>>> print(open('run_33.txt').read())   # compact mmCIF, C-alpha atoms
# COMPACT_ATOMS: atom_id res chain seq x y z
CA MET X 1 48.86 18.62 17.05
CA LYS X 2 46.63 15.66 17.45
CA VAL X 3 44.04 17.85 19.12
CA VAL X 4 44.20 20.38 16.32
CA LEU X 5 43.76 17.65 13.75
CA LYS X 6 40.83 16.24 15.62
CA SER X 7 39.03 19.54 15.84
CA ALA X 8 39.75 20.19 12.19
CA LEU X 9 38.15 16.86 11.44
CA VAL X 10 35.12 17.74 13.53
CA VAL X 11 34.75 21.05 11.71
CA ALA X 12 35.12 19.31 8.36
CA MET X 13 32.48 16.78 9.34
CA ALA X 14 30.12 19.46 10.56
CA LEU X 15 30.62 21.33 7.32
CA SER X 16 29.90 18.30 5.21
CA VAL X 17 26.79 17.51 7.24
CA GLY X 18 25.68 21.12 6.75
CA GLY X 19 26.43 20.76 3.07
CA VAL X 20 24.21 17.72 2.77
CA ALA X 21 21.36 19.46 4.58
CA LEU X 22 21.73 22.47 2.32
CA ALA X 23 21.70 20.32 -0.79
CA ALA X 24 18.54 18.61 0.42
CA ASP X 25 16.86 21.97 1.03
CA LYS X 26 17.75 23.18 -2.42
CA LYS X 27 16.38 20.11 -4.16
CA PRO X 28 15.30 21.33 -7.59
CA ALA X 29 11.72 20.85 -8.72
CA MET X 30 11.61 17.52 -10.53
CA PRO X 31 9.97 17.28 -13.92
CA ALA X 32 6.90 15.15 -13.40
CA TRP X 33 7.46 12.29 -15.82
CA LYS X 34 11.26 12.16 -15.75
CA MET X 35 13.26 9.76 -13.65
CA GLN X 36 13.82 10.88 -10.12
CA GLY X 37 17.53 11.52 -9.91
CA ASP X 38 20.70 9.49 -9.61
CA GLU X 39 19.41 7.20 -6.92
CA LEU X 40 16.74 5.79 -9.19
CA GLU X 41 19.15 5.28 -12.05
CA ILE X 42 21.45 3.42 -9.67
CA ALA X 43 18.59 1.25 -8.42
CA MET X 44 17.65 0.46 -12.01
CA SER X 45 21.14 -0.74 -12.82
CA LEU X 46 21.71 -2.81 -9.67
CA LYS X 47 21.14 -6.54 -9.60
CA GLY X 48 18.60 -7.28 -6.87
CA ASP X 49 18.90 -10.08 -4.32
CA ALA X 50 15.50 -11.70 -3.74
CA LYS X 51 16.59 -13.22 -0.43
CA GLU X 52 17.50 -9.80 0.98
CA GLY X 53 14.35 -8.46 -0.61
CA ARG X 54 12.18 -10.85 1.38
CA ASP X 55 13.15 -9.16 4.65
CA ILE X 56 12.59 -5.72 3.20
CA TYR X 57 9.23 -6.79 1.80
CA GLU X 58 7.97 -7.44 5.32
CA VAL X 59 7.24 -3.71 5.61
CA CYS X 60 5.22 -3.79 2.38
CA ALA X 61 3.35 -6.95 3.40
CA ALA X 62 1.41 -5.16 6.14
CA CYS X 63 -0.76 -3.55 3.45
CA HIS X 64 0.00 -5.28 0.14
CA LEU X 65 -0.19 -8.66 1.93
CA PRO X 66 2.55 -11.30 2.04
CA GLU X 67 1.35 -12.52 -1.36
CA GLY X 68 1.65 -9.06 -2.94
CA TRP X 69 -1.97 -9.41 -4.00
CA GLY X 70 -3.25 -6.22 -2.36
CA LEU X 71 -6.94 -6.03 -1.45
CA SER X 72 -9.61 -6.97 -3.97
CA ASP X 73 -11.62 -3.89 -2.94
CA GLY X 74 -8.77 -1.86 -4.45
CA THR X 75 -7.61 -0.17 -1.24
CA PHE X 76 -4.11 -1.50 -1.94
CA PRO X 77 -3.02 -2.54 -5.44
CA GLN X 78 -1.63 -5.91 -6.43
CA LEU X 79 2.16 -5.64 -6.75
CA ALA X 80 2.74 -9.23 -7.83
CA GLY X 81 3.43 -9.53 -11.54
CA GLN X 82 4.19 -5.84 -12.00
CA HIS X 83 7.14 -4.93 -14.22
CA HIS X 84 10.50 -4.30 -12.55
CA ASN X 85 10.97 -0.80 -13.97
CA VAL X 86 7.43 0.22 -13.08
CA LEU X 87 7.86 -0.82 -9.44
CA VAL X 88 11.20 0.97 -9.10
CA LYS X 89 9.87 4.13 -10.71
CA GLN X 90 6.66 4.30 -8.68
CA LEU X 91 8.53 3.64 -5.46
CA ALA X 92 11.04 6.34 -6.31
CA ASP X 93 8.30 8.75 -7.34
CA ILE X 94 6.40 8.28 -4.08
CA ARG X 95 9.68 8.70 -2.19
CA ALA X 96 10.46 11.89 -4.11
CA GLN X 97 6.90 13.12 -3.53
CA ASN X 98 6.38 13.18 -7.25
CA ARG X 99 3.34 10.94 -6.79
CA ASP X 100 1.12 11.95 -3.90
CA ASN X 101 0.38 9.01 -1.67
CA PRO X 102 0.29 10.08 1.97
CA THR X 103 -0.58 6.58 3.18
CA MET X 104 2.38 4.91 1.54
CA TYR X 105 4.87 7.78 1.72
CA PRO X 106 6.61 6.84 5.00
CA PHE X 107 7.20 3.29 3.76
CA ALA X 108 8.97 4.53 0.66
CA LEU X 109 11.52 6.46 2.73
CA PRO X 110 15.13 5.29 2.94
CA SER X 111 14.64 4.89 6.72
CA GLN X 112 12.07 2.15 6.03
CA ILE X 113 13.12 0.57 2.74
CA GLY X 114 16.77 1.54 2.50
CA GLY X 115 18.94 2.82 -0.34
CA PRO X 116 19.08 1.91 -4.04
CA GLN X 117 20.33 -1.65 -3.39
CA ALA X 118 17.38 -2.30 -1.07
CA VAL X 119 14.97 -0.99 -3.70
CA ALA X 120 16.53 -3.36 -6.26
CA ASP X 121 16.30 -6.23 -3.75
CA VAL X 122 12.67 -5.74 -2.78
CA VAL X 123 11.63 -5.44 -6.42
CA GLU X 124 13.53 -8.63 -7.20
CA TYR X 125 11.61 -10.34 -4.39
CA ILE X 126 8.24 -9.10 -5.65
CA ALA X 127 9.14 -10.62 -9.03
CA THR X 128 9.06 -14.07 -7.39
CA LEU X 129 5.38 -13.74 -6.39
CA PRO X 130 2.59 -15.22 -8.53
CA MET X 131 -0.44 -13.05 -9.28
CA THR X 132 -3.88 -13.46 -7.73
CA PRO X 133 -6.36 -15.44 -9.82
CA GLU X 134 -9.21 -13.58 -8.07
CA ASN X 135 -8.61 -9.87 -8.47
CA GLY X 136 -11.45 -7.44 -7.82
CA VAL X 137 -13.58 -6.73 -10.89
CA GLY X 138 -16.27 -4.16 -11.67
CA PRO X 139 -20.05 -4.56 -12.03
CA GLY X 140 -19.76 -6.07 -15.52
CA THR X 141 -22.66 -4.03 -16.87
CA ASP X 142 -20.90 -1.95 -19.54
CA LEU X 143 -18.23 -4.24 -20.94
CA ALA X 144 -18.92 -3.68 -24.65
CA LEU X 145 -18.21 0.02 -24.22
CA GLY X 146 -15.19 -0.80 -22.09
CA GLU X 147 -13.77 -3.13 -24.73
CA GLN X 148 -14.19 -0.58 -27.51
CA LEU X 149 -12.57 2.16 -25.44
CA TYR X 150 -9.72 -0.16 -24.55
CA LYS X 151 -9.07 -1.00 -28.20
CA ASP X 152 -9.18 2.61 -29.27
CA ASN X 153 -7.15 4.14 -26.46
CA CYS X 154 -5.11 1.71 -24.38
CA VAL X 155 -3.65 -0.98 -26.66
CA ARG X 156 -0.85 1.15 -28.09
CA CYS X 157 0.93 1.42 -24.72
CA HIS X 158 -0.57 -1.18 -22.38
CA GLY X 159 -0.80 -3.88 -25.08
CA ALA X 160 -3.68 -5.92 -26.47
CA ASN X 161 -3.78 -8.03 -23.33
CA GLY X 162 -2.96 -5.30 -20.76
CA GLU X 163 0.57 -6.60 -20.36
CA GLY X 164 2.30 -3.21 -20.39
CA ASN X 165 5.96 -2.71 -21.27
CA ASN X 166 8.84 -2.91 -18.84
CA GLU X 167 11.31 -0.97 -21.00
CA LYS X 168 8.92 1.94 -21.37
CA TYR X 169 7.63 1.98 -17.77
CA PHE X 170 4.09 1.16 -18.93
CA PRO X 171 2.46 -0.87 -16.15
CA ARG X 172 0.88 -4.26 -16.46
CA ILE X 173 -2.81 -3.52 -15.88
CA HIS X 174 -4.55 -6.84 -16.47
CA GLY X 175 -5.42 -8.66 -13.27
CA GLN X 176 -5.31 -5.42 -11.27
CA HIS X 177 -8.18 -4.63 -8.89
CA PHE X 178 -11.03 -2.71 -10.53
CA GLU X 179 -11.38 -0.02 -7.85
CA TYR X 180 -7.65 0.67 -7.90
CA ILE X 181 -7.56 0.97 -11.69
CA LYS X 182 -10.57 3.29 -11.57
CA ARG X 183 -9.06 5.49 -8.86
CA GLN X 184 -5.74 5.88 -10.65
CA PHE X 185 -7.47 6.44 -13.97
CA ARG X 186 -9.60 9.20 -12.46
CA GLU X 187 -6.57 10.85 -10.85
CA ILE X 188 -4.68 10.71 -14.14
CA ARG X 189 -7.62 12.11 -16.11
CA ASP X 190 -8.18 14.88 -13.59
CA GLY X 191 -4.50 15.84 -13.46
CA LYS X 192 -4.08 14.78 -9.84
CA ARG X 193 -1.46 12.12 -10.41
CA ARG X 194 1.56 14.25 -10.98
CA ASN X 195 3.83 11.51 -12.31
CA ALA X 196 1.34 10.47 -14.97
CA ASN X 197 2.61 10.06 -18.51
CA PRO X 198 1.47 13.22 -20.34
CA ASP X 199 0.58 11.14 -23.38
CA MET X 200 -1.97 9.26 -21.32
CA VAL X 201 -3.36 12.41 -19.74
CA LYS X 202 -3.98 13.74 -23.23
CA GLN X 203 -5.39 10.43 -24.47
CA VAL X 204 -8.06 10.14 -21.76
CA LYS X 205 -8.92 13.82 -21.30
CA GLY X 206 -12.33 13.37 -22.93
CA PHE X 207 -13.34 10.27 -20.96
CA SER X 208 -16.66 10.61 -19.12
CA ASP X 209 -17.17 8.95 -15.74
CA ARG X 210 -19.08 6.21 -17.53
CA ASP X 211 -16.20 5.67 -19.97
CA LEU X 212 -13.75 5.54 -17.12
CA GLU X 213 -15.77 2.98 -15.20
CA ALA X 214 -16.42 0.83 -18.27
CA VAL X 215 -12.82 0.65 -19.42
CA SER X 216 -11.55 0.00 -15.88
CA ASP X 217 -14.04 -2.84 -15.53
CA TYR X 218 -13.04 -4.33 -18.87
CA THR X 219 -9.34 -4.09 -17.98
CA SER X 220 -9.81 -5.75 -14.60
CA ARG X 221 -11.37 -8.72 -16.40
CA ILE X 222 -8.53 -9.32 -18.86
CA LYS X 223 -6.86 -12.49 -17.62
CA PRO X 224 -3.09 -12.50 -17.19
CA PRO X 225 -1.31 -15.52 -18.72
CA ALA X 226 -2.16 -18.66 -16.73
CA ASP X 227 1.50 -19.33 -15.86
CA ARG X 228 1.65 -16.03 -13.96
CA LEU X 229 -1.25 -16.87 -11.64
CA GLY X 230 -1.06 -18.54 -8.25
CA PRO X 231 -3.70 -21.00 -7.06
CA PRO X 232 -6.81 -19.48 -5.41
CA GLY X 233 -6.17 -18.80 -1.73
CA TRP X 234 -2.40 -19.27 -2.09
CA GLN X 235 -0.48 -18.13 0.98
CA ASN X 236 3.11 -17.03 0.70
CA PRO X 237 5.18 -19.68 2.53
CA ASP X 238 7.95 -17.10 3.10
CA PHE X 239 5.70 -15.43 5.68
CA GLN X 240 4.03 -18.43 7.33
CA MET A 241 -33.98 -36.19 36.02
CA LYS A 242 -32.09 -33.62 37.99
CA TYR A 243 -28.93 -34.99 36.50
CA VAL A 244 -30.27 -34.56 32.97
CA ASN A 245 -31.29 -31.00 33.74
CA LYS A 246 -27.86 -30.23 35.00
CA LEU A 247 -26.33 -31.64 31.87
CA ALA A 248 -28.64 -29.59 29.72
CA LEU A 249 -27.79 -26.51 31.72
CA ALA A 250 -24.10 -27.24 31.38
CA ALA A 251 -24.48 -27.64 27.64
CA LEU A 252 -26.41 -24.39 27.47
CA ILE A 253 -23.81 -22.50 29.46
CA GLY A 254 -21.08 -24.11 27.40
CA SER A 255 -22.60 -23.08 24.10
CA SER A 256 -23.33 -19.54 25.19
CA ALA A 257 -19.79 -19.23 26.47
CA ALA A 258 -18.55 -20.46 23.10
CA LEU A 259 -20.79 -17.94 21.40
CA ALA A 260 -19.53 -15.13 23.61
CA SER A 261 -15.92 -16.05 23.04
CA GLY A 262 -16.66 -16.42 19.33
CA THR A 263 -17.87 -12.85 19.28
CA ALA A 264 -14.90 -11.72 21.30
CA MET A 265 -12.58 -13.46 18.88
CA ALA A 266 -14.23 -11.89 15.86
CA LEU A 267 -13.65 -8.50 17.42
CA ASP A 268 -10.26 -9.05 18.96
CA GLY A 269 -8.60 -5.64 19.03
CA ALA A 270 -5.06 -7.02 18.85
CA THR A 271 -5.87 -9.03 15.73
CA LEU A 272 -7.81 -6.20 14.12
CA TYR A 273 -4.90 -3.87 14.80
CA LYS A 274 -2.81 -6.10 12.51
CA THR A 275 -5.32 -7.13 9.86
CA LYS A 276 -6.76 -3.64 9.38
CA THR A 277 -3.24 -2.31 8.76
CA CYS A 278 -3.04 -0.03 11.84
CA ILE A 279 0.22 -1.78 12.69
CA ALA A 280 1.92 -0.62 9.49
CA CYS A 281 2.01 3.01 10.61
CA HIS A 282 1.57 2.88 14.37
CA GLY A 283 4.01 0.02 14.90
CA ALA A 284 4.08 -3.21 16.86
CA GLU A 285 2.27 -2.85 20.22
CA ALA A 286 1.37 0.69 19.11
CA LYS A 287 4.64 2.00 20.48
CA ALA A 288 6.91 2.52 17.49
CA PRO A 289 5.26 4.59 14.75
CA VAL A 290 6.81 4.56 11.28
CA LEU A 291 7.42 8.32 11.41
CA PRO A 292 8.37 10.17 14.59
CA SER A 293 5.51 12.58 13.91
CA TYR A 294 2.90 9.79 14.02
CA PRO A 295 1.29 9.20 17.41
CA LYS A 296 2.12 6.40 19.83
CA LEU A 297 -1.21 4.88 20.73
CA ALA A 298 -0.35 2.42 23.51
CA GLY A 299 -2.28 3.33 26.65
CA GLN A 300 -4.39 5.96 24.95
CA ASN A 301 -7.80 6.60 26.49
CA ALA A 302 -10.28 4.35 24.66
CA ALA A 303 -13.04 6.93 24.24
CA TYR A 304 -10.60 9.46 22.84
CA ALA A 305 -9.01 6.96 20.42
CA LEU A 306 -12.44 5.82 19.22
CA GLN A 307 -13.61 9.39 18.63
CA GLN A 308 -10.51 10.24 16.60
CA MET A 309 -10.96 7.12 14.48
CA LYS A 310 -14.63 7.92 13.87
CA ASP A 311 -13.87 11.56 13.06
CA ILE A 312 -11.04 10.71 10.66
CA LYS A 313 -13.25 8.13 8.96
CA SER A 314 -16.17 10.53 8.56
CA GLY A 315 -13.97 13.45 7.55
CA ALA A 316 -15.08 15.54 10.54
CA ARG A 317 -11.39 15.62 11.39
CA SER A 318 -9.28 16.33 8.30
CA ASN A 319 -6.33 18.26 9.67
CA GLY A 320 -2.73 17.27 10.30
CA GLN A 321 -1.69 13.88 8.99
CA THR A 322 -5.18 12.45 8.57
CA ALA A 323 -4.66 12.28 4.80
CA ALA A 324 -2.47 9.25 5.41
CA MET A 325 -5.09 7.44 7.50
CA LYS A 326 -8.40 8.33 5.86
CA PRO A 327 -7.92 6.08 2.79
CA VAL A 328 -7.88 2.93 4.97
CA MET A 329 -10.69 3.81 7.37
CA HIS A 330 -13.40 2.18 5.25
CA LEU A 331 -11.76 -1.09 6.30
CA VAL A 332 -13.15 -0.80 9.86
CA THR A 333 -16.70 -0.73 11.24
CA ASP A 334 -17.76 1.16 14.38
CA ASP A 335 -17.62 -2.06 16.41
CA GLU A 336 -14.16 -2.88 15.14
CA MET A 337 -12.91 0.61 15.93
CA ALA A 338 -14.28 0.25 19.45
CA ALA A 339 -12.50 -3.11 19.88
CA ILE A 340 -9.23 -1.62 18.67
CA ALA A 341 -9.63 1.40 20.95
CA ASP A 342 -10.32 -0.85 23.95
CA TRP A 343 -7.27 -2.95 23.20
CA LEU A 344 -5.04 0.11 22.76
CA SER A 345 -6.12 1.42 26.15
CA THR A 346 -4.94 -1.81 27.82
CA LEU A 347 -1.38 -1.43 26.53
CA LYS A 348 1.26 -0.01 28.80
>>> encode(input="run_33.txt", output="structure tokens")
Amino acid sequence: MKVVLKSALVVAMALSVGGVALAADKKPAMPAWKMQGDELEIAMSLKGDAKEGRDIYEVCAACHLPEGWGLSDGTFPQLAGQHHNVLVKQLADIRAQNRDNPTMYPFALPSQIGGPQAVADVVEYIATLPMTPENGVGPGTDLALGEQLYKDNCVRCHGANGEGNNEKYFPRIHGQHFEYIKRQFREIRDGKRRNANPDMVKQVKGFSDRDLEAVSDYTSRIKPPADRLGPPGWQNPDFQ
Amino acid sequence: MKYVNKLALAALIGSSAALASGTAMALDGATLYKTKTCIACHGAEAKAPVLPSYPKLAGQNAAYALQQMKDIKSGARSNGQTAAMKPVMHLVTDDEMAAIADWLSTLK
């Protein structure tokens, strides 16, 4: 009897494993701008633990640096200061392959970062980091055009000071590295960033390369509030 | 006089040794492997890649490793998983790639 039970259990387990694999194969195509499934909603609702998040962040630190400041040449964006909901959504989108980022993709996988609680934790940790006072900026040669374009096109969602909106998933863009802003902007304009907000795609459709460069430069030069900035050359003591 | 000469020679040797080691330090493959973000994907000691499908590089032939790095950087090689690596290759110069390749080849 025991043996029969055991083998029944094994069969049941095998079936459930098969079921999971099948479900994964049949993953429905996700709408581009919508939230990426239950897991993300769970991560959104969980209270993060910054102390746990520190250990998880170690993976991120290899590229985004222990300070979360990224690289001023824009290779890696600054994460410090970014809104909670924006970080969770972008992480989930890269994980769900709803935002193409082959370099980062493996690090967004559950095998590296963990489940929804880990996502909540690492985002909570990132929230403890001050922003860089020395982000990468553009050439500074077309700022009047950039300012006008910003006022006419960007303020409604990203705010007069580039502060974004956590509730609406609009990222904080002031203090971000110029080359990163420009690259994302170009991908959004050209329809290559699949998780882009369709309202923005429509808004910037007519931007020329010059427009794009000018407004990215202007944005990179908007200063975040002083109380959000770390001192120049600050090194994260958590990773010393 | 001889003594002075010897001292001068010693100082000369000392400073050129410092210079040589300074150069070696600036192009230390092990350090570059970390600071240029190779470690993120290829793992500590180049043995534990982040995905099973990424290559283990420890002990790889230096000339081969260098050529792959150069080709991925230039775009001459654009197949397979190079899309993940290309966006960071502007972070390394030819000399730095060579130092990393040499270091990789020394790993067991």
>>> residues_around(input="run_33.txt", residues="region 305-320 of chain A", least_positions_apart="2", cutoff="9 Å", atoms="all atoms listed in the file", output="list in words")
Leu297, Gln300, Asn301, Ala302, Ala303, Thr322, Ala323, Met325, Lys326, Pro327, Val328, Met329, His330, Val332, Asp334, Met337, Ala338, Ala339, Ile340, Ala341, Asp342, Leu344 and Ser345 of chain A
>>> closest_atom_pairs(input="run_33.txt", of="chain X", to="chain A", cutoff="8 Å", atoms="only C-alpha atoms", output="CSV")
residue,atom,partner,partner_atom,distance
X:Val59,CA,A:Ala280,CA,7.3
X:Ala62,CA,A:Ala280,CA,5.7
X:Cys63,CA,A:Thr277,CA,6.0
X:Thr75,CA,A:Val328,CA,6.9
X:Asn101,CA,A:Ala324,CA,7.6
X:Pro102,CA,A:Ala324,CA,4.5
X:Thr103,CA,A:Ala324,CA,4.0
X:Met104,CA,A:Ala324,CA,7.6
X:Pro106,CA,A:Leu291,CA,6.6
X:Phe107,CA,A:Val290,CA,7.6
X:Gln112,CA,A:Val290,CA,7.8
>>> residues_near_point(input="run_33.txt", point="(3.3, -14.2, -21.2)", cutoff="12 Å", atoms="only C-alpha atoms", output="mmCIF file with C-alpha atoms, in the frame of the given file")
data_model
loop_
_atom_site.group_PDB
_atom_site.id
_atom_site.type_symbol
_atom_site.label_atom_id
_atom_site.label_comp_id
_atom_site.auth_asym_id
_atom_site.auth_seq_id
_atom_site.Cartn_x
_atom_site.Cartn_y
_atom_site.Cartn_z
ATOM 1 C CA GLY X 81 3.430 -9.530 -11.540
ATOM 2 C CA GLY X 159 -0.800 -3.880 -25.080
ATOM 3 C CA ASN X 161 -3.780 -8.030 -23.330
ATOM 4 C CA GLY X 162 -2.960 -5.300 -20.760
ATOM 5 C CA GLU X 163 0.570 -6.600 -20.360
ATOM 6 C CA GLY X 164 2.300 -3.210 -20.390
ATOM 7 C CA ASN X 165 5.960 -2.710 -21.270
ATOM 8 C CA ARG X 172 0.880 -4.260 -16.460
ATOM 9 C CA HIS X 174 -4.550 -6.840 -16.470
ATOM 10 C CA LYS X 223 -6.860 -12.490 -17.620
ATOM 11 C CA PRO X 224 -3.090 -12.500 -17.190
ATOM 12 C CA PRO X 225 -1.310 -15.520 -18.720
ATOM 13 C CA ALA X 226 -2.160 -18.660 -16.730
ATOM 14 C CA ASP X 227 1.500 -19.330 -15.860
ATOM 15 C CA ARG X 228 1.650 -16.030 -13.960
ATOM 16 C CA LEU X 229 -1.250 -16.870 -11.640
#
>>> atom_distance(input="run_33.txt", atom1="CA of Ala50 (chain X)", atom2="CA of Ala120 (chain X)")
8.8 Å
>>> axis_aligned_box(input="run_33.txt", around="region 322-330 of chain A", padding_each_side="3 Å", output="lines of an AutoDock Vina configuration file")
center_x = -7.9
center_y = 7.3
center_z = 5.7
size_x = 16.9
size_y = 16.3
size_z = 11.8
>>> atom_distance(input="run_33.txt", atom1="CA of Tyr125 (chain X)", atom2="CA of Tyr57 (chain X)")
7.5 Å
>>> atom_distance(input="run_33.txt", atom1="CA of Leu79 (chain X)", atom2="CA of Asp217 (chain X)")
18.6 Å
>>> closest_residue(input="run_33.txt", among="X:His83, X:Lys47, X:His158, X:Lys202", to="Ile222 (chain X)", atoms="all atoms listed in the file")
X:His158
>>> closest_residue(input="run_33.txt", among="X:Leu143, X:Val137, X:Ala160, X:Ile181", to="Arg221 (chain X)", atoms="all atoms listed in the file")
X:Val137
>>> residues_around(input="run_33.txt", residues="Pro139 (chain X)", least_positions_apart="6", cutoff="12 Å", atoms="all atoms listed in the file", output="list of chain:residue names")
X:Gly146, X:Phe178, X:Glu179, X:Glu213, X:Ala214, X:Val215, X:Ser216, X:Asp217, X:Tyr218, X:Ser220, X:Arg221
>>> closest_residue(input="run_33.txt", among="X:Asp152, X:Glu134, X:Glu67, X:Asp93", to="Leu40 (chain X)", atoms="all atoms listed in the file")
X:Asp93
>>> closest_residue(input="run_33.txt", among="X:Ala92, X:Ala196, X:Ala127, X:Leu149", to="Gly53 (chain X)", atoms="only C-alpha atoms")
X:Ala127
>>> decode(input="run_33.txt", residues="region 66-136 of chain X", atoms="C-alpha atoms", output="short mmCIF file (atom, residue, chain, number, x, y, z; two decimals), in the first residue's frame")
data_model
loop_
_atom_site.label_atom_id
_atom_site.label_comp_id
_atom_site.auth_asym_id
_atom_site.auth_seq_id
_atom_site.Cartn_x
_atom_site.Cartn_y
_atom_site.Cartn_z
CA PRO X 66 27.49 49.78 -5.59
CA GLU X 67 26.22 53.37 -5.50
CA GLY X 68 23.50 52.70 -8.10
CA TRP X 69 24.93 55.58 -10.10
CA GLY X 70 25.54 53.66 -13.33
CA LEU X 71 28.19 54.97 -15.72
CA SER X 72 28.27 58.62 -16.72
CA ASP X 73 28.89 57.58 -20.35
CA GLY X 74 25.38 56.11 -20.24
CA THR X 75 26.35 52.46 -20.73
CA PHE X 76 24.40 51.65 -17.56
CA PRO X 77 21.69 53.96 -16.20
CA GLN X 78 21.57 55.45 -12.74
CA LEU X 79 19.09 53.47 -10.63
CA ALA X 80 19.44 55.57 -7.48
CA GLY X 81 16.51 57.89 -6.97
CA GLN X 82 14.25 56.09 -9.42
CA HIS X 83 10.62 55.57 -8.41
CA HIS X 84 9.67 52.28 -6.77
CA ASN X 85 6.97 51.38 -9.28
CA VAL X 86 9.19 52.23 -12.24
CA LEU X 87 11.98 49.96 -11.01
CA VAL X 88 9.62 47.05 -10.35
CA LYS X 89 7.93 47.43 -13.72
CA GLN X 90 11.13 47.71 -15.74
CA LEU X 91 12.66 44.75 -13.95
CA ALA X 92 9.53 42.71 -14.56
CA ASP X 93 9.36 43.80 -18.19
CA ILE X 94 12.96 42.81 -18.86
CA ARG X 95 12.30 39.50 -17.09
CA ALA X 96 9.18 38.91 -19.20
CA GLN X 97 11.12 39.90 -22.34
CA ASN X 98 8.71 42.73 -22.85
CA ARG X 99 11.66 45.13 -22.94
CA ASP X 100 14.59 43.87 -24.99
CA ASN X 101 17.79 44.10 -23.04
CA PRO X 102 20.03 41.13 -23.80
CA THR X 103 22.81 42.40 -21.53
CA MET X 104 20.64 42.68 -18.46
CA TYR X 105 18.21 39.85 -19.18
CA PRO X 106 19.96 37.06 -17.24
CA PHE X 107 20.18 39.24 -14.13
CA ALA X 108 16.45 39.85 -14.14
CA LEU X 109 15.71 36.11 -14.01
CA PRO X 110 14.30 34.53 -10.85
CA SER X 111 17.46 32.36 -10.69
CA GLN X 112 19.52 35.53 -10.14
CA ILE X 113 17.21 37.97 -8.39
CA GLY X 114 14.59 35.67 -6.90
CA GLY X 115 10.79 35.86 -6.69
CA PRO X 116 8.42 38.77 -6.03
CA GLN X 117 9.64 39.29 -2.44
CA ALA X 118 13.23 39.60 -3.66
CA VAL X 119 12.17 42.15 -6.27
CA ALA X 120 10.41 44.16 -3.55
CA ASP X 121 13.50 43.88 -1.33
CA VAL X 122 16.05 44.98 -3.91
CA VAL X 123 13.90 47.94 -4.94
CA GLU X 124 13.57 48.92 -1.28
CA TYR X 125 17.36 48.82 -1.01
CA ILE X 126 17.86 50.97 -4.11
CA ALA X 127 15.53 53.53 -2.50
CA THR X 128 18.16 54.04 0.23
CA LEU X 129 20.82 55.21 -2.25
CA PRO X 130 21.46 58.91 -2.89
CA MET X 131 21.74 60.10 -6.50
CA THR X 132 24.97 61.10 -8.23
CA PRO X 133 25.67 64.83 -8.28
CA GLU X 134 27.78 64.32 -11.44
CA ASN X 135 25.64 62.54 -14.00
CA GLY X 136 26.73 62.52 -17.64
#
